[in-house]
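One structure is given here, and the rest of the page talks about it.
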Amino acid sequence: SFTIAYEDCPIPRGISPNNDGLNDVFDLSPHGVESIKIYNRWGTEVYSHGAGYTTQWYGQSKSGKQLPDGTYYYVIHAHGKVRTGWVQVNK
């Protein structure tokens, strides 16, 4: 028998949704996301997506309006684990 050790893929710490083609979206395509929720600094949910998330969040709210620059917090369910952290939005 043997044990396989692996590290989770790193989650990006920032996005710059300014349409320059660099870091415009919150790319979680290698993570197998089952659900994601994004919160502002006051704890209000500003975005969510269910199974199949890859690169759908580009700093927009649930209604599709661009959110202001700042730090946002995420809760990601992927591969049976919950991951939390922050992401900086800076246009």
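Here, A, B, ... name the chains of the structure tokens in the order displayed, residue numbers run from 1 inside each chain, and ligands are numbered from 1 in the same displayed order.
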Neighbour list for Pro17 in chain A as an MDAnalysis selection string, cut-off 10 Å, only C-alpha atoms, skip fewer than 2 positions in-chain: chainID A and resid 14:15 19:26 57:60 66 69 89:91
Please provide the set of residues having any atom within 12 Å of Lys81 in chain A, restricted to only C-alpha atoms, with same-chain residues fewer than 6 positions apart removed, written as a PDB file with C-alpha atoms, in the first residue's frame.
```pdb
ATOM      1  CA  ASP A   8      -4.868  21.985  -3.226  1.00  0.00           C
ATOM      2  CA  HIS A  31     -10.916  23.342  -8.444  1.00  0.00           C
ATOM      3  CA  GLY A  32     -14.082  21.431  -9.365  1.00  0.00           C
ATOM      4  CA  VAL A  33     -16.313  23.978  -7.635  1.00  0.00           C
ATOM      5  CA  GLU A  34     -19.685  22.689  -6.441  1.00  0.00           C
ATOM      6  CA  SER A  35     -20.779  26.112  -5.172  1.00  0.00           C
ATOM      7  CA  ILE A  36     -19.318  29.520  -4.470  1.00  0.00           C
ATOM      8  CA  VAL A  75     -16.899  30.327   0.652  1.00  0.00           C
TER       9      VAL A  75
END
```
Selected residue of minimal separation from Ala51 in chain A among A:Pro10, A:Tyr73, A:Leu28, A:Gly64, counting only C-alpha atoms: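 Checking each of A:Pro10, A:Tyr73, A:Leu28, A:Gly64 against Ala51 in chain A, counting only C-alpha atoms, the winner is A:Leu28.
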Which residues are close to Ile11 in chain A, i.e. within 10 Å by only C-alpha atoms, leaving aside same-chain residues fewer than 5 positions away? Reply as a PyMOL selection string. chain A and resi 26-28+30-31+83-87
Mind listing the strand (DSSP E) residues of chain A, per DSSP on the backbone, as a ChimeraX atom specification? /A:14-15,33-39,45-49,70-78,81-89
8 Å contact set for Asn40 in chain A, only C-alpha atoms, chain neighbours under 4 positions out, as an NGL selection string: :A and (44-46 or 71-73)
In terms of the shortest atom-to-atom distance over only C-alpha atoms, which of A:Phe2, A:Ile38, A:Gly43, A:His79 is closest to Leu67 in chain A?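 The shortest atom-to-atom distance to Leu67 in chain A comes from A:Ile38.
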